[in-house]
Amino acid sequence: MKKKAATGMHGDCGPKHLAIKDTMELLSGKWKIQIIGALMRNGTMRFMDLLREVDGIAAKMLSKELQELEINELVKRTVCDTKPITVEYEMTTYGRTLEKVIAELAHWGELHRKRIFKKSK
């Protein structure tokens with residue numbers, strides 16, 4: 001039996017396809033892009049400010065998503081020496097490389113909303 005290629009179960013998927021898959025796995029879900037967008041718009045934010053900014057997210061989910069973004073070096077977490085202790089989050093330089101991607105998603109979303117709502121009138 002022949003061994004699978006280094007790409008694993010993806011067989012003949014090209015590098016672009018795998019790159020898209022990896023990106024979608026990293027940014028997928030309801031919250032990550034909204035969190036990234038909030039941090040890009042507002043700069044450094046405290047946990048509770050993010051919780052208020054990202055409408056509908058639970059504290060536990062925000063914590064989980066921020067942890068994943070931190071592991072992937074998109075977000076930096078800083079524990080402040082205050083009483084009570086506060087935690088701040090900001091985009092890393094690497095995370096800011098997503099700015100064009102997020103801007104394009106927002107632009108496309110605006111156009112799509114206009115198109116769809118125009119049809120429903």
# chains A, B, ... in the order shown; residues from 1 in each chain; ligands from 1
>>> residues_around(residues="Cys80 (chain A)", least_positions_apart="5", cutoff="12 Å", atoms="only C-alpha atoms", output="PDB file with N, CA and C atoms, in the first residue's frame")
ATOM      1  N   MET A  45      -7.638  46.841  24.130  1.00  0.00           N
ATOM      2  CA  MET A  45      -8.921  46.790  24.831  1.00  0.00           C
ATOM      3  C   MET A  45      -8.839  45.842  26.020  1.00  0.00           C
ATOM      4  N   ARG A  46      -9.527  46.206  27.071  1.00  0.00           N
ATOM      5  CA  ARG A  46      -9.653  45.323  28.224  1.00  0.00           C
ATOM      6  C   ARG A  46     -10.688  44.256  27.915  1.00  0.00           C
ATOM      7  N   PHE A  47     -10.599  43.152  28.657  1.00  0.00           N
ATOM      8  CA  PHE A  47     -11.494  42.024  28.439  1.00  0.00           C
ATOM      9  C   PHE A  47     -12.953  42.461  28.490  1.00  0.00           C
ATOM     10  N   ILE A  85      -6.768  43.109  39.201  1.00  0.00           N
ATOM     11  CA  ILE A  85      -5.957  42.848  38.013  1.00  0.00           C
ATOM     12  C   ILE A  85      -6.825  43.018  36.767  1.00  0.00           C
ATOM     13  N   THR A  86      -6.283  43.709  35.790  1.00  0.00           N
ATOM     14  CA  THR A  86      -6.977  43.842  34.504  1.00  0.00           C
ATOM     15  C   THR A  86      -6.110  43.214  33.420  1.00  0.00           C
ATOM     16  N   VAL A  87      -6.775  42.744  32.398  1.00  0.00           N
ATOM     17  CA  VAL A  87      -6.086  42.117  31.275  1.00  0.00           C
ATOM     18  C   VAL A  87      -6.441  42.902  30.019  1.00  0.00           C
ATOM     19  N   GLU A  88      -5.428  43.231  29.242  1.00  0.00           N
ATOM     20  CA  GLU A  88      -5.624  43.968  27.995  1.00  0.00           C
ATOM     21  C   GLU A  88      -5.217  43.099  26.806  1.00  0.00           C
ATOM     22  N   TYR A  89      -5.876  43.337  25.697  1.00  0.00           N
ATOM     23  CA  TYR A  89      -5.601  42.615  24.461  1.00  0.00           C
ATOM     24  C   TYR A  89      -5.358  43.624  23.343  1.00  0.00           C
TER      25      TYR A  89
END
>>> residues_around(residues="region 64-70 of chain A", least_positions_apart="4", cutoff="12 Å", atoms="only C-alpha atoms", output="PDB file with N, CA and C atoms, in the first residue's frame")
ATOM      1  N   GLU A  25      -9.888  27.506   8.987  1.00  0.00           N
ATOM      2  CA  GLU A  25      -9.900  26.838  10.289  1.00  0.00           C
ATOM      3  C   GLU A  25      -9.495  27.809  11.392  1.00  0.00           C
ATOM      4  N   LEU A  26      -8.511  28.651  11.126  1.00  0.00           N
ATOM      5  CA  LEU A  26      -8.041  29.607  12.123  1.00  0.00           C
ATOM      6  C   LEU A  26      -9.081  30.694  12.409  1.00  0.00           C
ATOM      7  N   LEU A  27      -9.722  31.211  11.367  1.00  0.00           N
ATOM      8  CA  LEU A  27     -10.624  32.351  11.522  1.00  0.00           C
ATOM      9  C   LEU A  27     -12.100  31.972  11.576  1.00  0.00           C
ATOM     10  N   SER A  28     -12.401  30.684  11.494  1.00  0.00           N
ATOM     11  CA  SER A  28     -13.796  30.260  11.412  1.00  0.00           C
ATOM     12  C   SER A  28     -14.554  30.488  12.717  1.00  0.00           C
ATOM     13  N   GLY A  29     -15.834  30.344  12.601  1.00  0.00           N
ATOM     14  CA  GLY A  29     -16.698  30.523  13.752  1.00  0.00           C
ATOM     15  C   GLY A  29     -17.344  31.896  13.713  1.00  0.00           C
ATOM     16  N   LYS A  30     -18.203  32.101  14.657  1.00  0.00           N
ATOM     17  CA  LYS A  30     -19.017  33.303  14.697  1.00  0.00           C
ATOM     18  C   LYS A  30     -18.260  34.511  15.253  1.00  0.00           C
ATOM     19  N   TRP A  31     -17.188  34.278  16.017  1.00  0.00           N
ATOM     20  CA  TRP A  31     -16.639  35.351  16.837  1.00  0.00           C
ATOM     21  C   TRP A  31     -15.263  35.883  16.472  1.00  0.00           C
ATOM     22  N   LYS A  32     -14.371  35.061  15.952  1.00  0.00           N
ATOM     23  CA  LYS A  32     -12.968  35.479  15.800  1.00  0.00           C
ATOM     24  C   LYS A  32     -12.806  36.730  14.938  1.00  0.00           C
ATOM     25  N   ILE A  33     -13.472  36.784  13.816  1.00  0.00           N
ATOM     26  CA  ILE A  33     -13.319  37.950  12.942  1.00  0.00           C
ATOM     27  C   ILE A  33     -13.920  39.190  13.603  1.00  0.00           C
ATOM     28  N   GLN A  34     -14.996  39.016  14.364  1.00  0.00           N
ATOM     29  CA  GLN A  34     -15.572  40.145  15.084  1.00  0.00           C
ATOM     30  C   GLN A  34     -14.611  40.658  16.165  1.00  0.00           C
ATOM     31  N   ILE A  35     -13.947  39.749  16.851  1.00  0.00           N
ATOM     32  CA  ILE A  35     -12.964  40.130  17.879  1.00  0.00           C
ATOM     33  C   ILE A  35     -11.799  40.870  17.230  1.00  0.00           C
ATOM     34  N   ILE A  36     -11.292  40.313  16.141  1.00  0.00           N
ATOM     35  CA  ILE A  36     -10.182  40.943  15.418  1.00  0.00           C
ATOM     36  C   ILE A  36     -10.594  42.335  14.931  1.00  0.00           C
ATOM     37  N   LEU A  39     -10.644  44.824  17.816  1.00  0.00           N
ATOM     38  CA  LEU A  39      -9.289  45.207  18.233  1.00  0.00           C
ATOM     39  C   LEU A  39      -8.619  46.099  17.195  1.00  0.00           C
ATOM     40  N   MET A  45      -7.638  46.841  24.130  1.00  0.00           N
ATOM     41  CA  MET A  45      -8.921  46.790  24.831  1.00  0.00           C
ATOM     42  C   MET A  45      -8.839  45.842  26.020  1.00  0.00           C
ATOM     43  N   ARG A  46      -9.527  46.206  27.071  1.00  0.00           N
ATOM     44  CA  ARG A  46      -9.653  45.323  28.224  1.00  0.00           C
ATOM     45  C   ARG A  46     -10.688  44.256  27.915  1.00  0.00           C
ATOM     46  N   PHE A  47     -10.599  43.152  28.657  1.00  0.00           N
ATOM     47  CA  PHE A  47     -11.494  42.024  28.439  1.00  0.00           C
ATOM     48  C   PHE A  47     -12.953  42.461  28.490  1.00  0.00           C
ATOM     49  N   LEU A  50     -14.080  44.387  25.483  1.00  0.00           N
ATOM     50  CA  LEU A  50     -14.296  43.482  24.339  1.00  0.00           C
ATOM     51  C   LEU A  50     -15.618  42.746  24.490  1.00  0.00           C
ATOM     52  N   LEU A  51     -15.909  42.324  25.706  1.00  0.00           N
ATOM     53  CA  LEU A  51     -17.151  41.602  25.970  1.00  0.00           C
ATOM     54  C   LEU A  51     -18.360  42.472  25.605  1.00  0.00           C
ATOM     55  N   VAL A  54     -18.297  43.058  21.418  1.00  0.00           N
ATOM     56  CA  VAL A  54     -18.679  41.919  20.574  1.00  0.00           C
ATOM     57  C   VAL A  54     -20.054  41.444  21.047  1.00  0.00           C
ATOM     58  N   ILE A  57     -21.556  37.687  22.625  1.00  0.00           N
ATOM     59  CA  ILE A  57     -20.582  36.673  23.010  1.00  0.00           C
ATOM     60  C   ILE A  57     -20.580  36.502  24.528  1.00  0.00           C
ATOM     61  N   ALA A  58     -20.446  35.262  24.969  1.00  0.00           N
ATOM     62  CA  ALA A  58     -20.345  34.960  26.401  1.00  0.00           C
ATOM     63  C   ALA A  58     -18.892  35.107  26.840  1.00  0.00           C
ATOM     64  N   ALA A  59     -18.680  35.415  28.109  1.00  0.00           N
ATOM     65  CA  ALA A  59     -17.330  35.612  28.646  1.00  0.00           C
ATOM     66  C   ALA A  59     -16.462  34.377  28.430  1.00  0.00           C
ATOM     67  N   LYS A  60     -17.021  33.202  28.640  1.00  0.00           N
ATOM     68  CA  LYS A  60     -16.254  31.961  28.476  1.00  0.00           C
ATOM     69  C   LYS A  60     -15.813  31.780  27.021  1.00  0.00           C
ATOM     70  N   LEU A  74      -1.782  36.183  16.808  1.00  0.00           N
ATOM     71  CA  LEU A  74      -2.529  37.276  16.204  1.00  0.00           C
ATOM     72  C   LEU A  74      -2.860  38.354  17.233  1.00  0.00           C
ATOM     73  N   VAL A  75      -2.987  37.938  18.491  1.00  0.00           N
ATOM     74  CA  VAL A  75      -3.358  38.830  19.579  1.00  0.00           C
ATOM     75  C   VAL A  75      -2.351  38.701  20.712  1.00  0.00           C
ATOM     76  N   LYS A  76      -2.046  39.835  21.329  1.00  0.00           N
ATOM     77  CA  LYS A  76      -1.145  39.859  22.484  1.00  0.00           C
ATOM     78  C   LYS A  76      -1.974  40.128  23.738  1.00  0.00           C
ATOM     79  N   ARG A  77      -1.725  39.354  24.767  1.00  0.00           N
ATOM     80  CA  ARG A  77      -2.416  39.487  26.058  1.00  0.00           C
ATOM     81  C   ARG A  77      -1.444  40.076  27.067  1.00  0.00           C
ATOM     82  N   THR A  78      -1.874  41.125  27.763  1.00  0.00           N
ATOM     83  CA  THR A  78      -1.031  41.755  28.774  1.00  0.00           C
ATOM     84  C   THR A  78      -1.803  41.823  30.086  1.00  0.00           C
ATOM     85  N   VAL A  87      -6.775  42.744  32.398  1.00  0.00           N
ATOM     86  CA  VAL A  87      -6.086  42.117  31.275  1.00  0.00           C
ATOM     87  C   VAL A  87      -6.441  42.902  30.019  1.00  0.00           C
ATOM     88  N   GLU A  88      -5.428  43.231  29.242  1.00  0.00           N
ATOM     89  CA  GLU A  88      -5.624  43.968  27.995  1.00  0.00           C
ATOM     90  C   GLU A  88      -5.217  43.099  26.806  1.00  0.00           C
ATOM     91  N   TYR A  89      -5.876  43.337  25.697  1.00  0.00           N
ATOM     92  CA  TYR A  89      -5.601  42.615  24.461  1.00  0.00           C
ATOM     93  C   TYR A  89      -5.358  43.624  23.343  1.00  0.00           C
ATOM     94  N   GLU A  90      -4.456  43.269  22.453  1.00  0.00           N
ATOM     95  CA  GLU A  90      -4.185  44.097  21.284  1.00  0.00           C
ATOM     96  C   GLU A  90      -3.715  43.202  20.148  1.00  0.00           C
ATOM     97  N   MET A  91      -3.871  43.694  18.933  1.00  0.00           N
ATOM     98  CA  MET A  91      -3.386  42.962  17.773  1.00  0.00           C
ATOM     99  C   MET A  91      -1.864  42.999  17.770  1.00  0.00           C
ATOM    100  N   THR A  92      -1.251  41.892  17.390  1.00  0.00           N
ATOM    101  CA  THR A  92       0.196  41.876  17.204  1.00  0.00           C
ATOM    102  C   THR A  92       0.504  42.455  15.830  1.00  0.00           C
ATOM    103  N   TYR A  94       1.988  40.861  13.563  1.00  0.00           N
ATOM    104  CA  TYR A  94       1.609  39.760  12.673  1.00  0.00           C
ATOM    105  C   TYR A  94       0.086  39.744  12.457  1.00  0.00           C
ATOM    106  N   GLY A  95      -0.673  39.939  13.523  1.00  0.00           N
ATOM    107  CA  GLY A  95      -2.130  39.967  13.428  1.00  0.00           C
ATOM    108  C   GLY A  95      -2.620  41.089  12.526  1.00  0.00           C
TER     109      GLY A  95
END
>>> select_by_dssp(residues="region 41-77 of chain A", states="alpha helix (DSSP H)", output="NGL selection string")
:A and (41-42 or 47-53 or 59-71)
>>> atom_distance(atom1="CA of Phe117 (chain A)", atom2="CA of Gly56 (chain A)")
23.6 Å
>>> select_by_dssp(residues="chain A", states="strand (DSSP E)", output="list in words")
Met45, Arg46, Val75, Lys76, Arg77, Thr78, Val79, Cys80, Thr86, Val87, Glu88, Tyr89, Glu90 and Met91 of chain A
>>> write_last_selection(atoms="C-alpha atoms", output="tab-separated table (two decimals), in the first residue's frame")
chain	number	residue	atom	x	y	z
A	45	MET	CA	-8.92	46.79	24.83
A	46	ARG	CA	-9.65	45.32	28.22
A	75	VAL	CA	-3.36	38.83	19.58
A	76	LYS	CA	-1.15	39.86	22.48
A	77	ARG	CA	-2.42	39.49	26.06
A	78	THR	CA	-1.03	41.75	28.77
A	79	VAL	CA	-1.80	41.36	32.48
A	80	CYS	CA	-1.73	44.82	34.06
A	86	THR	CA	-6.98	43.84	34.50
A	87	VAL	CA	-6.09	42.12	31.28
A	88	GLU	CA	-5.62	43.97	28.00
A	89	TYR	CA	-5.60	42.62	24.46
A	90	GLU	CA	-4.19	44.10	21.28
A	91	MET	CA	-3.39	42.96	17.77
>>> residues_around(residues="Glu99 (chain A)", least_positions_apart="3", cutoff="10 Å", atoms="only C-alpha atoms", output="list in words")
Ile36, Gly37, Met40, Gly95, Arg96, Ile102, Ala103, Glu104 and Leu105 of chain A
>>> write_last_selection(atoms="N, CA and C atoms", output="compact mmCIF listing (two decimals), in the first residue's frame")
# COMPACT_ATOMS: atom_id res chain seq x y z
N ILE A 36 -11.29 40.31 16.14
CA ILE A 36 -10.18 40.94 15.42
C ILE A 36 -10.59 42.34 14.93
N GLY A 37 -11.79 42.43 14.37
CA GLY A 37 -12.29 43.72 13.89
C GLY A 37 -12.37 44.75 15.01
N MET A 40 -8.88 45.85 15.93
CA MET A 40 -8.30 46.70 14.89
C MET A 40 -8.91 48.11 14.92
N GLY A 95 -0.67 39.94 13.52
CA GLY A 95 -2.13 39.97 13.43
C GLY A 95 -2.62 41.09 12.53
N ARG A 96 -1.91 42.19 12.53
CA ARG A 96 -2.29 43.35 11.70
C ARG A 96 -2.14 43.05 10.21
N ILE A 102 -9.63 41.62 6.38
CA ILE A 102 -10.81 42.02 7.14
C ILE A 102 -11.53 43.17 6.41
N ALA A 103 -10.77 44.12 5.91
CA ALA A 103 -11.36 45.25 5.18
C ALA A 103 -12.09 44.76 3.93
N GLU A 104 -11.50 43.82 3.21
CA GLU A 104 -12.15 43.28 2.01
C GLU A 104 -13.42 42.51 2.36
N LEU A 105 -13.38 41.74 3.46
CA LEU A 105 -14.58 41.03 3.91
C LEU A 105 -15.69 42.02 4.25
